[in-house]
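Structure below is entry-v4.cif: mmCIF, C-alpha atoms.
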data_final
#
loop_
_atom_site.label_atom_id
_atom_site.label_comp_id
_atom_site.auth_asym_id
_atom_site.auth_seq_id
_atom_site.Cartn_x
_atom_site.Cartn_y
_atom_site.Cartn_z
CA MET A 1 -22.09 4.55 10.61
CA LEU A 2 -19.06 2.35 11.19
CA THR A 3 -21.13 -0.60 12.32
CA ARG A 4 -23.06 -0.54 9.05
CA PHE A 5 -19.92 -1.78 7.34
CA ALA A 6 -18.90 -4.09 10.15
CA ASN A 7 -20.68 -6.86 8.30
CA PRO A 8 -18.08 -8.34 5.92
CA THR A 9 -20.77 -9.27 3.38
CA ARG A 10 -21.89 -5.66 3.19
CA PHE A 11 -18.28 -4.54 2.94
CA VAL A 12 -17.60 -6.94 0.05
CA ALA A 13 -20.62 -5.54 -1.84
CA LEU A 14 -19.50 -1.96 -1.19
CA ALA A 15 -15.91 -2.78 -2.17
CA ALA A 16 -17.06 -4.42 -5.40
CA SER A 17 -18.95 -1.29 -6.44
CA LEU A 18 -16.13 1.08 -5.41
CA LEU A 19 -13.28 -0.87 -6.99
CA PRO A 20 -13.91 -0.07 -10.71
CA TRP A 21 -14.09 3.65 -9.88
CA CYS A 22 -10.86 3.64 -7.88
CA ALA A 23 -9.05 1.59 -10.49
CA GLY A 24 -10.32 3.88 -13.27
CA ILE A 25 -9.33 7.05 -11.44
CA ALA A 26 -5.92 5.57 -10.63
CA GLY A 27 -5.30 4.62 -14.27
CA LEU A 28 -6.38 7.97 -15.67
CA ALA A 29 -4.59 10.08 -13.07
CA LEU A 30 -1.35 8.11 -13.33
CA ALA A 31 -1.39 8.30 -17.14
CA ALA A 32 -2.07 12.05 -17.10
CA GLY A 33 0.42 12.52 -14.26
CA LEU A 34 3.18 10.73 -16.14
CA VAL A 35 2.66 12.85 -19.26
CA LEU A 36 2.66 16.04 -17.17
CA ALA A 37 5.65 14.91 -15.09
CA LEU A 38 7.86 13.77 -17.95
CA ALA A 39 6.91 16.14 -20.74
CA GLY A 40 4.37 18.74 -19.62
CA SER A 41 6.37 20.39 -16.85
CA PRO A 42 9.46 22.59 -17.10
CA PRO A 43 12.95 21.61 -15.93
CA ASP A 44 14.01 23.22 -12.65
CA TYR A 45 16.24 26.31 -12.92
CA GLN A 46 18.76 24.72 -10.53
CA GLN A 47 18.17 20.98 -10.78
CA GLY A 48 17.46 20.72 -14.50
CA GLU A 49 15.64 17.60 -15.63
CA SER A 50 16.49 15.68 -12.45
CA VAL A 51 13.60 17.48 -10.78
CA ARG A 52 11.26 15.06 -12.57
CA ILE A 53 12.15 12.46 -9.94
CA MET A 54 10.12 14.64 -7.57
CA TYR A 55 6.87 13.61 -9.25
CA VAL A 56 7.22 10.03 -8.04
CA HIS A 57 9.32 10.66 -4.93
CA VAL A 58 7.10 13.22 -3.20
CA PRO A 59 3.71 11.52 -3.84
CA ALA A 60 5.26 8.20 -2.73
CA ALA A 61 6.46 9.88 0.47
CA TRP A 62 2.97 11.34 1.08
CA MET A 63 1.45 7.89 0.57
CA ALA A 64 4.01 6.33 2.93
CA LEU A 65 2.85 8.74 5.66
CA PHE A 66 -0.84 8.53 4.73
CA ALA A 67 -0.81 4.71 4.72
CA TYR A 68 0.83 4.66 8.15
CA ALA A 69 -1.70 7.13 9.54
CA PHE A 70 -4.44 4.88 8.14
CA LEU A 71 -2.71 1.82 9.63
CA ALA A 72 -2.49 3.45 13.06
CA ALA A 73 -6.12 4.68 12.93
CA ALA A 74 -7.41 1.28 11.83
CA SER A 75 -5.34 -0.38 14.58
CA ALA A 76 -6.89 1.96 17.17
CA VAL A 77 -10.39 1.19 15.88
CA GLY A 78 -9.57 -2.52 16.00
CA LEU A 79 -8.23 -2.37 19.55
CA VAL A 80 -10.86 -0.06 21.04
CA TRP A 81 -14.09 -0.92 19.21
CA ARG A 82 -13.10 -4.39 17.99
CA HIS A 83 -14.46 -3.55 14.57
CA PRO A 84 -14.13 -6.85 12.67
CA LEU A 85 -12.71 -5.25 9.52
CA ALA A 86 -10.27 -2.86 11.17
CA HIS A 87 -7.37 -5.28 11.63
CA VAL A 88 -7.91 -6.63 8.12
CA ALA A 89 -7.71 -3.08 6.73
CA ALA A 90 -4.62 -2.32 8.84
CA GLY A 91 -2.81 -5.49 7.79
CA GLU A 92 -3.34 -4.86 4.08
CA ALA A 93 -2.55 -1.14 4.33
CA ALA A 94 0.80 -2.11 5.89
CA VAL A 95 1.83 -4.05 2.77
CA ILE A 96 0.86 -1.18 0.45
CA GLY A 97 2.50 1.41 2.72
CA ALA A 98 5.73 -0.58 2.78
CA CYS A 99 5.77 -0.57 -1.03
CA PHE A 100 5.27 3.20 -1.20
CA THR A 101 7.95 3.75 1.46
CA PHE A 102 10.39 1.63 -0.53
CA VAL A 103 9.62 3.66 -3.68
CA CYS A 104 10.16 6.86 -1.69
CA LEU A 105 13.54 5.70 -0.36
CA ALA A 106 14.77 4.33 -3.72
CA THR A 107 13.75 7.39 -5.75
CA GLY A 108 15.11 9.69 -3.05
CA SER A 109 18.44 7.94 -3.25
CA LEU A 110 18.46 8.27 -7.05
CA TRP A 111 17.67 11.97 -6.68
CA GLY A 112 20.21 12.53 -3.92
CA LYS A 113 23.18 11.21 -5.89
CA PRO A 114 23.18 13.87 -8.64
CA MET A 115 21.90 16.72 -6.43
CA TRP A 116 23.70 16.19 -3.12
CA GLY A 117 26.53 13.95 -4.32
CA THR A 118 25.47 11.05 -2.11
CA TRP A 119 23.08 8.11 -2.37
CA TRP A 120 22.37 8.20 1.34
CA GLU A 121 22.95 10.37 4.37
CA TRP A 122 22.14 9.39 7.96
CA ASP A 123 20.30 12.61 8.63
CA ALA A 124 16.98 13.06 10.36
CA ARG A 125 14.63 12.95 7.37
CA MET A 126 16.17 9.90 5.69
CA THR A 127 16.71 7.98 8.92
CA SER A 128 13.16 8.61 10.14
CA VAL A 129 11.71 7.41 6.81
CA LEU A 130 13.93 4.32 6.97
CA ILE A 131 12.52 3.68 10.47
CA LEU A 132 9.02 4.05 8.97
CA PHE A 133 9.92 1.32 6.47
CA PHE A 134 11.11 -0.96 9.30
CA LEU A 135 7.94 -0.20 11.27
CA TYR A 136 5.89 -1.46 8.32
CA LEU A 137 8.02 -4.61 8.07
CA GLY A 138 7.87 -5.10 11.83
CA TYR A 139 4.09 -4.74 11.80
CA ILE A 140 3.74 -7.33 9.02
CA ALA A 141 6.13 -9.77 10.72
CA LEU A 142 4.47 -9.39 14.13
CA ALA A 143 0.96 -9.79 12.71
CA HIS A 144 1.94 -13.19 11.30
CA ALA A 145 4.11 -14.33 14.21
CA PHE A 146 1.36 -16.10 16.18
CA ASP A 147 -0.51 -19.33 15.50
CA GLU A 148 -3.69 -17.57 16.49
CA PRO A 149 -4.22 -14.68 14.01
CA ALA A 150 -6.19 -12.60 16.53
CA ARG A 151 -3.20 -12.41 18.90
CA GLY A 152 -0.86 -11.32 16.12
CA GLU A 153 -3.30 -8.64 14.99
CA LYS A 154 -3.55 -7.25 18.49
CA ALA A 155 0.21 -7.21 19.13
CA ALA A 156 0.87 -5.62 15.73
CA ALA A 157 -1.83 -3.00 16.36
CA VAL A 158 -0.03 -1.93 19.56
CA LEU A 159 3.23 -1.64 17.60
CA ALA A 160 1.44 0.45 14.94
CA LEU A 161 0.15 2.87 17.59
CA VAL A 162 3.53 3.21 19.32
CA GLY A 163 5.22 3.75 15.94
CA ALA A 164 2.83 6.59 15.10
CA VAL A 165 5.11 8.99 17.04
CA ASN A 166 7.43 8.65 14.06
CA LEU A 167 4.96 10.48 11.78
CA PRO A 168 5.38 14.01 13.22
CA VAL A 169 9.11 13.31 13.53
CA ILE A 170 9.26 12.67 9.77
CA LYS A 171 7.12 15.69 8.92
CA PHE A 172 9.07 18.14 11.07
CA SER A 173 12.52 16.51 10.80
CA VAL A 174 13.54 19.07 8.17
CA ASP A 175 12.76 21.90 10.61
CA TRP A 176 14.09 20.36 13.81
CA TRP A 177 17.49 19.20 12.59
CA ASN A 178 20.07 20.24 10.03
CA THR A 179 19.53 18.18 6.94
CA LEU A 180 20.41 17.92 3.29
CA HIS A 181 16.73 17.45 2.58
CA GLN A 182 14.81 20.53 1.54
CA GLY A 183 12.05 21.91 3.73
CA ALA A 184 8.33 21.75 3.14
CA SER A 185 7.31 23.48 -0.06
CA VAL A 186 3.79 22.26 -0.75
CA VAL A 187 2.06 21.91 2.62
CA THR A 188 3.09 25.13 4.37
CA LEU A 189 1.20 27.70 6.42
CA SER A 190 1.53 30.26 3.62
CA GLY A 191 0.41 27.86 0.90
CA PRO A 192 2.44 26.04 -1.75
CA LYS A 193 5.78 27.62 -2.56
CA ILE A 194 6.33 25.83 -5.84
CA ASP A 195 5.21 26.94 -9.28
CA ALA A 196 1.80 25.84 -10.58
CA ALA A 197 3.46 24.09 -13.56
CA MET A 198 5.21 21.79 -11.09
CA LEU A 199 2.43 21.63 -8.52
CA ALA A 200 -0.08 20.31 -11.07
CA PRO A 201 1.74 17.07 -12.01
CA LEU A 202 2.60 16.58 -8.34
CA LEU A 203 -1.05 16.74 -7.28
CA VAL A 204 -2.25 14.61 -10.22
CA MET A 205 0.30 11.92 -9.38
CA ALA A 206 -0.69 12.12 -5.71
CA ALA A 207 -4.35 11.64 -6.70
CA GLY A 208 -3.36 8.64 -8.82
CA PHE A 209 -1.33 7.09 -5.98
CA THR A 210 -4.19 7.64 -3.53
CA ALA A 211 -6.73 5.99 -5.86
CA LEU A 212 -4.25 3.14 -6.41
CA PHE A 213 -3.88 2.75 -2.64
CA VAL A 214 -7.66 2.46 -2.19
CA ALA A 215 -8.06 0.07 -5.15
CA VAL A 216 -5.29 -2.27 -4.00
CA LEU A 217 -6.55 -2.05 -0.41
CA LEU A 218 -10.05 -3.14 -1.51
CA VAL A 219 -8.65 -6.07 -3.52
CA ARG A 220 -6.36 -7.19 -0.70
CA MET A 221 -9.04 -6.84 2.00
CA ARG A 222 -11.37 -8.97 -0.05
CA THR A 223 -8.61 -11.58 -0.42
CA ALA A 224 -8.00 -11.50 3.34
CA LEU A 225 -11.71 -11.99 4.06
CA ILE A 226 -11.83 -14.96 1.69
CA ALA A 227 -8.75 -16.41 3.37
CA ARG A 228 -10.41 -15.94 6.75
CA ARG A 229 -13.53 -17.75 5.58
CA LEU A 230 -11.37 -20.55 4.14
CA ARG A 231 -9.62 -20.91 7.47
CA ALA A 232 -12.97 -21.12 9.27
CA LEU A 233 -14.21 -23.74 6.79
CA THR A 234 -11.04 -25.80 7.14
CA LEU A 235 -11.20 -25.62 10.92
CA SER A 236 -14.86 -26.67 10.99
CA ARG A 237 -14.09 -29.52 8.61
CA VAL A 238 -11.20 -30.72 10.77
CA HIS A 239 -13.46 -30.43 13.78
CA ALA A 240 -16.32 -32.28 12.09
CA GLY A 241 -13.89 -34.75 10.52
CA ALA A 242 -13.00 -36.13 13.94
CA VAL A 243 -16.41 -37.74 14.18
CA ALA A 244 -18.33 -37.19 10.96
CA PRO A 245 -16.71 -39.33 8.20
CA GLU A 246 -17.46 -42.68 9.80
CA THR A 247 -21.02 -41.81 10.69
CA ALA A 248 -21.48 -40.23 7.28
CA GLN A 249 -20.46 -43.43 5.61
CA GLY A 250 -22.71 -45.49 7.86
CA ALA A 251 -25.76 -43.38 7.04
CA MET B 1 14.01 11.96 -33.55
CA ALA B 2 16.50 14.41 -32.09
CA ALA B 3 13.75 15.70 -29.81
CA PHE B 4 13.05 12.16 -28.65
CA GLU B 5 16.73 11.52 -28.02
CA SER B 6 17.06 14.67 -25.98
CA PHE B 7 13.94 13.60 -24.06
CA LEU B 8 15.60 10.25 -23.31
CA ALA B 9 18.80 11.99 -22.28
CA MET B 10 16.93 13.98 -19.58
CA GLY B 11 19.46 16.77 -19.70
CA GLY B 12 22.23 14.39 -18.63
CA TYR B 13 20.23 12.93 -15.73
CA ALA B 14 18.91 9.88 -17.63
CA ALA B 15 20.83 7.50 -15.35
CA TYR B 16 18.86 8.81 -12.35
CA VAL B 17 15.46 9.83 -13.74
CA TRP B 18 14.64 6.64 -15.67
CA PRO B 19 15.64 4.18 -12.93
CA ALA B 20 13.52 6.20 -10.48
CA TYR B 21 10.44 5.86 -12.71
CA ALA B 22 11.27 2.23 -13.50
CA ILE B 23 11.54 1.26 -9.81
CA ALA B 24 8.29 3.04 -8.97
CA ALA B 25 6.49 1.38 -11.90
CA ALA B 26 7.91 -2.07 -11.13
CA VAL B 27 7.05 -1.95 -7.41
CA LEU B 28 3.52 -0.60 -7.89
CA ALA B 29 2.67 -2.77 -10.90
CA GLY B 30 4.09 -5.76 -9.04
CA LEU B 31 1.89 -4.97 -6.04
CA VAL B 32 -1.20 -4.80 -8.26
CA VAL B 33 -0.38 -8.05 -10.09
CA VAL B 34 0.44 -9.98 -6.90
CA SER B 35 -2.71 -8.70 -5.18
CA LEU B 36 -4.99 -9.64 -8.10
CA ARG B 37 -3.39 -13.09 -8.47
CA GLU B 38 -3.78 -13.78 -4.77
CA LEU B 39 -7.46 -12.78 -4.94
CA GLY B 40 -8.04 -15.14 -7.87
CA ARG B 41 -6.25 -18.00 -6.14
CA ARG B 42 -8.13 -17.58 -2.83
CA ALA B 43 -11.47 -17.18 -4.61
CA ARG B 44 -10.90 -20.47 -6.47
CA GLU B 45 -9.88 -22.22 -3.24
CA LEU B 46 -13.00 -20.96 -1.49
CA ALA B 47 -15.25 -21.98 -4.37
CA ALA B 48 -13.75 -25.48 -4.26
CA ALA B 49 -14.09 -25.69 -0.48
CA GLU B 50 -17.71 -24.54 -0.56
CA ALA B 51 -18.58 -26.91 -3.38
CA ALA B 52 -17.32 -29.78 -1.24
CA LEU B 53 -19.24 -28.60 1.80
CA PRO B 54 -22.99 -29.25 1.19
CA ALA B 55 -22.38 -32.89 0.25
CA ARG B 56 -20.75 -33.39 3.63
CA ARG B 57 -23.45 -31.55 5.47
CA ARG B 58 -26.07 -33.74 3.86
CA ARG B 59 -24.08 -36.69 5.09
CA GLY B 60 -24.16 -38.12 1.62
CA ASP B 61 -21.22 -39.61 -0.20
CA ARG B 62 -17.90 -37.88 0.42
CA GLY B 63 -17.53 -36.84 -3.20
CA ASP B 64 -14.54 -37.16 -5.48
CA ALA B 65 -13.36 -33.58 -4.96
#
What is this structure when it is put down as structure tokens?
Amino acid sequence: MLTRFANPTRFVALAASLLPWCAGIAGLALAAGLVLALAGSPPDYQQGESVRIMYVHVPAAWMALFAYAFLAAASAVGLVWRHPLAHVAAGEAAVIGACFTFVCLATGSLWGKPMWGTWWEWDARMTSVLILFFLYLGYIALAHAFDEPARGEKAAAVLALVGAVNLPVIKFSVDWWNTLHQGASVVTLSGPKIDAAMLAPLLVMAAGFTALFVAVLLVRMRTALIARRLRALTLSRVHAGAVAPETAQGA
Amino acid sequence: MAAFESFLAMGGYAAYVWPAYAIAAAVLAGLVVVSLRELGRRARELAAAEAALPARRRRGDRGDA
């Protein structure tokens, strides 16, 4: 199954047919999600209108975790099976994941100020998400730190796998340590604990973010494959150029 | 109009709610724009590189490109 898409040409064709659907779903879901989040949902009985920050903060946090899980899985596939697209997928997912993590941190800070009276607290949930952000940046920096791209990809993939221990720490940080951050209220053993009127915009926004993640990933992977082909062409030209131009002119 | 103003006021939390949405929109829209631009740029570079290639392979003239 996986090897069917190992061929970059086949992947590009698949990506081209998937992209309009992902982009369309992302556009529709985000538009509907915004309307629901800003106008179609009730204010919270304690937090008032500030609760609307939740509809970008929580889906962004989910995407930050999801993108890292994807990054770690793709890195494992790249290291173990040497799937030619895996490192490309991982590298591009890292950029998107870093963006979502930044959105999560910034909106969380803007929500924390009016609700907790502080922009930032060095508690377990916030610190572990900040570490997630640095893991993304570290992955991106390491992947580009070598002259030979394959070495950077491999080193960064190892970092991605080691950093994956941070994911359960983030998820359970609100249970393991005292924190200002509220506990889980959507993904719990007894089902969602928040009202359907608030759950709906949350899930629609999450669907929109997920579709956006896939769409941007497809675009960026295609760009990376083109860049890779360009590099190969340039290298072969340099290689050929050492002998070819003179003979070419003579012929 | 009054309804719209009270919507903008966000129950007194306008200074937190709107920047949160603005940052999210700016970061994600920026990511989309940068990604699409980069794809266009690389695709043009590749097209130019491939257009220059066959002439070389045929060992003909080196071309003006």
_Answer key for the PyMOL selection byres ((chain B) within 6 of (chain A)), residues as a list in words_ =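 With the shown file as input, the PyMOL selection byres ((chain B) within 6 of (chain A)) matches Met10, Gly11, Tyr13, Tyr16, Val17, Ala20, Ala24, Ser35, Leu39, Leu46 and Arg59 of chain B.
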*Non-local contacts of A:Glu153 (7 Å; only C-alpha atoms; under 3 positions in same chain excluded) as number ranges by chain*: A: 87, 143, 149-150, 156-157
Residues near stretch 161-168 of chain A, cut-off 9 Å, only C-alpha atoms, skip fewer than 3 positions along chain, as a CSV table (one decimal) with C-alpha atoms, keeping the file's coordinate frame:
chain,number,residue,atom,x,y,z
A,65,LEU,CA,2.8,8.7,5.7
A,68,TYR,CA,0.8,4.7,8.2
A,69,ALA,CA,-1.7,7.1,9.5
A,71,LEU,CA,-2.7,1.8,9.6
A,72,ALA,CA,-2.5,3.4,13.1
A,73,ALA,CA,-6.1,4.7,12.9
A,75,SER,CA,-5.3,-0.4,14.6
A,76,ALA,CA,-6.9,2.0,17.2
A,128,SER,CA,13.2,8.6,10.1
A,129,VAL,CA,11.7,7.4,6.8
A,131,ILE,CA,12.5,3.7,10.5
A,132,LEU,CA,9.0,4.0,9.0
A,135,LEU,CA,7.9,-0.2,11.3
A,156,ALA,CA,0.9,-5.6,15.7
A,157,ALA,CA,-1.8,-3.0,16.4
A,158,VAL,CA,0.0,-1.9,19.6
A,171,LYS,CA,7.1,15.7,8.9
A,172,PHE,CA,9.1,18.1,11.1
A,173,SER,CA,12.5,16.5,10.8
I'd like the contact shell of A:Val214 - 12 Å cut-off, only C-alpha atoms, skipping same-chain residues fewer than 3 positions apart - returned as a short mmCIF file (atom, residue, chain, number, x, y, z; two decimals) with C-alpha atoms, in the frame of the given file.
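The result, stored in part_18.cif:
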data_model
loop_
_atom_site.label_atom_id
_atom_site.label_comp_id
_atom_site.auth_asym_id
_atom_site.auth_seq_id
_atom_site.Cartn_x
_atom_site.Cartn_y
_atom_site.Cartn_z
CA ALA A 15 -15.91 -2.78 -2.17
CA LEU A 18 -16.13 1.08 -5.41
CA LEU A 19 -13.28 -0.87 -6.99
CA PRO A 20 -13.91 -0.07 -10.71
CA TRP A 21 -14.09 3.65 -9.88
CA CYS A 22 -10.86 3.64 -7.88
CA ALA A 23 -9.05 1.59 -10.49
CA GLY A 24 -10.32 3.88 -13.27
CA ILE A 25 -9.33 7.05 -11.44
CA ALA A 26 -5.92 5.57 -10.63
CA MET A 63 1.45 7.89 0.57
CA PHE A 66 -0.84 8.53 4.73
CA ALA A 67 -0.81 4.71 4.72
CA PHE A 70 -4.44 4.88 8.14
CA ALA A 89 -7.71 -3.08 6.73
CA GLU A 92 -3.34 -4.86 4.08
CA ALA A 93 -2.55 -1.14 4.33
CA ILE A 96 0.86 -1.18 0.45
CA GLY A 97 2.50 1.41 2.72
CA ALA A 207 -4.35 11.64 -6.70
CA GLY A 208 -3.36 8.64 -8.82
CA PHE A 209 -1.33 7.09 -5.98
CA THR A 210 -4.19 7.64 -3.53
CA ALA A 211 -6.73 5.99 -5.86
CA LEU A 217 -6.55 -2.05 -0.41
CA LEU A 218 -10.05 -3.14 -1.51
CA VAL A 219 -8.65 -6.07 -3.52
CA ARG A 220 -6.36 -7.19 -0.70
CA MET A 221 -9.04 -6.84 2.00
CA VAL B 32 -1.20 -4.80 -8.26
#
_Between atom CA of A:Trp81 and atom CA of A:Asn7 - distance in Å to one decimal_ =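 It comes out at 14.1 Å.
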*Kindly give the distance, in Å, that separates atom CA of A:Leu235 and atom CA of A:Ala145, rounded to a single decimal.*
19.3 Å
*Which residues, written as number ranges by chain, have at least one atom at most 12 Å from stretch 187-193 of chain A, with all atoms listed in the file counted and residues fewer than 5 positions away on the same chain left out?*
A: 58, 62, 171-172, 175, 198-200, 202-203
*asked:* What would the selection look like, as a ChimeraX atom specification, if the PyMOL selection byres ((chain A and resi 8) around 10) were run on the coordinates I just shared?
replied: /A:4-7,9-14,84-85,221-222,225
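Picture a line from atom CA of A:Ala86 to atom CA of A:Leu159; it runs 15.0 Å.
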_Top pick for closest residue to A:Met115, considering A:Ala90, A:Gly78, A:Gln46, A:Asp147 and counting only C-alpha atoms_ =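 When distances to A:Met115 are compared using only C-alpha atoms, the smallest one comes from A:Gln46.
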I need the output of the PyMOL selection byres ((chain A and resi 124) around 10) for this file as a PDB file with C-alpha atoms, in the coordinates of the input; which residues are they?
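Printed below is result.pdb as written:
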ATOM      1  CA  GLU A 121      22.950  10.370   4.370  1.00  0.00           C
ATOM      2  CA  TRP A 122      22.140   9.390   7.960  1.00  0.00           C
ATOM      3  CA  ASP A 123      20.300  12.610   8.630  1.00  0.00           C
ATOM      4  CA  ARG A 125      14.630  12.950   7.370  1.00  0.00           C
ATOM      5  CA  MET A 126      16.170   9.900   5.690  1.00  0.00           C
ATOM      6  CA  THR A 127      16.710   7.980   8.920  1.00  0.00           C
ATOM      7  CA  SER A 128      13.160   8.610  10.140  1.00  0.00           C
ATOM      8  CA  VAL A 129      11.710   7.410   6.810  1.00  0.00           C
ATOM      9  CA  LEU A 130      13.930   4.320   6.970  1.00  0.00           C
ATOM     10  CA  VAL A 169       9.110  13.310  13.530  1.00  0.00           C
ATOM     11  CA  ILE A 170       9.260  12.670   9.770  1.00  0.00           C
ATOM     12  CA  PHE A 172       9.070  18.140  11.070  1.00  0.00           C
ATOM     13  CA  SER A 173      12.520  16.510  10.800  1.00  0.00           C
ATOM     14  CA  VAL A 174      13.540  19.070   8.170  1.00  0.00           C
ATOM     15  CA  ASP A 175      12.760  21.900  10.610  1.00  0.00           C
ATOM     16  CA  TRP A 176      14.090  20.360  13.810  1.00  0.00           C
ATOM     17  CA  TRP A 177      17.490  19.200  12.590  1.00  0.00           C
ATOM     18  CA  ASN A 178      20.070  20.240  10.030  1.00  0.00           C
ATOM     19  CA  THR A 179      19.530  18.180   6.940  1.00  0.00           C
ATOM     20  CA  LEU A 180      20.410  17.920   3.290  1.00  0.00           C
ATOM     21  CA  HIS A 181      16.730  17.450   2.580  1.00  0.00           C
TER      22      HIS A 181
END
Could you give me stretch 36-52 of chain B completed to N, CA and C atoms, formatted as a JSON list (two decimals), keeping the file's coordinate frame?
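Done, and the output landed in out-v4.json:
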[["chain", "number", "residue", "atom", "x", "y", "z"],
["B", 36, "LEU", "N", -3.91, -9.07, -7.28],
["B", 36, "LEU", "CA", -4.99, -9.64, -8.10],
["B", 36, "LEU", "C", -4.86, -11.16, -8.20],
["B", 37, "ARG", "N", -3.62, -11.64, -8.36],
["B", 37, "ARG", "CA", -3.39, -13.09, -8.47],
["B", 37, "ARG", "C", -3.82, -13.80, -7.19],
["B", 38, "GLU", "N", -3.44, -13.19, -6.07],
["B", 38, "GLU", "CA", -3.78, -13.78, -4.77],
["B", 38, "GLU", "C", -5.30, -13.84, -4.59],
["B", 39, "LEU", "N", -5.99, -12.78, -5.04],
["B", 39, "LEU", "CA", -7.46, -12.78, -4.94],
["B", 39, "LEU", "C", -8.05, -13.91, -5.77],
["B", 40, "GLY", "N", -7.54, -14.07, -7.01],
["B", 40, "GLY", "CA", -8.04, -15.14, -7.87],
["B", 40, "GLY", "C", -7.81, -16.51, -7.26],
["B", 41, "ARG", "N", -6.61, -16.71, -6.71],
["B", 41, "ARG", "CA", -6.25, -18.00, -6.14],
["B", 41, "ARG", "C", -7.15, -18.33, -4.94],
["B", 42, "ARG", "N", -7.30, -17.36, -4.03],
["B", 42, "ARG", "CA", -8.13, -17.58, -2.83],
["B", 42, "ARG", "C", -9.58, -17.80, -3.21],
["B", 43, "ALA", "N", -10.07, -17.04, -4.21],
["B", 43, "ALA", "CA", -11.47, -17.18, -4.61],
["B", 43, "ALA", "C", -11.72, -18.58, -5.16],
["B", 44, "ARG", "N", -10.75, -19.11, -5.94],
["B", 44, "ARG", "CA", -10.90, -20.47, -6.47],
["B", 44, "ARG", "C", -10.88, -21.49, -5.34],
["B", 45, "GLU", "N", -9.96, -21.29, -4.38],
["B", 45, "GLU", "CA", -9.88, -22.22, -3.24],
["B", 45, "GLU", "C", -11.19, -22.24, -2.46],
["B", 46, "LEU", "N", -11.76, -21.03, -2.25],
["B", 46, "LEU", "CA", -13.00, -20.96, -1.49],
["B", 46, "LEU", "C", -14.14, -21.62, -2.24],
["B", 47, "ALA", "N", -14.20, -21.37, -3.56],
["B", 47, "ALA", "CA", -15.25, -21.98, -4.37],
["B", 47, "ALA", "C", -15.16, -23.51, -4.29],
["B", 48, "ALA", "N", -13.93, -24.03, -4.35],
["B", 48, "ALA", "CA", -13.75, -25.48, -4.26],
["B", 48, "ALA", "C", -14.17, -26.00, -2.89],
["B", 49, "ALA", "N", -13.77, -25.26, -1.84],
["B", 49, "ALA", "CA", -14.09, -25.69, -0.48],
["B", 49, "ALA", "C", -15.59, -25.66, -0.24],
["B", 50, "GLU", "N", -16.26, -24.64, -0.79],
["B", 50, "GLU", "CA", -17.71, -24.54, -0.56],
["B", 50, "GLU", "C", -18.47, -25.55, -1.39],
["B", 51, "ALA", "N", -17.92, -25.90, -2.55],
["B", 51, "ALA", "CA", -18.58, -26.91, -3.38],
["B", 51, "ALA", "C", -18.53, -28.27, -2.69],
["B", 52, "ALA", "N", -17.47, -28.50, -1.92],
["B", 52, "ALA", "CA", -17.32, -29.78, -1.24],
["B", 52, "ALA", "C", -18.17, -29.84, 0.03]]
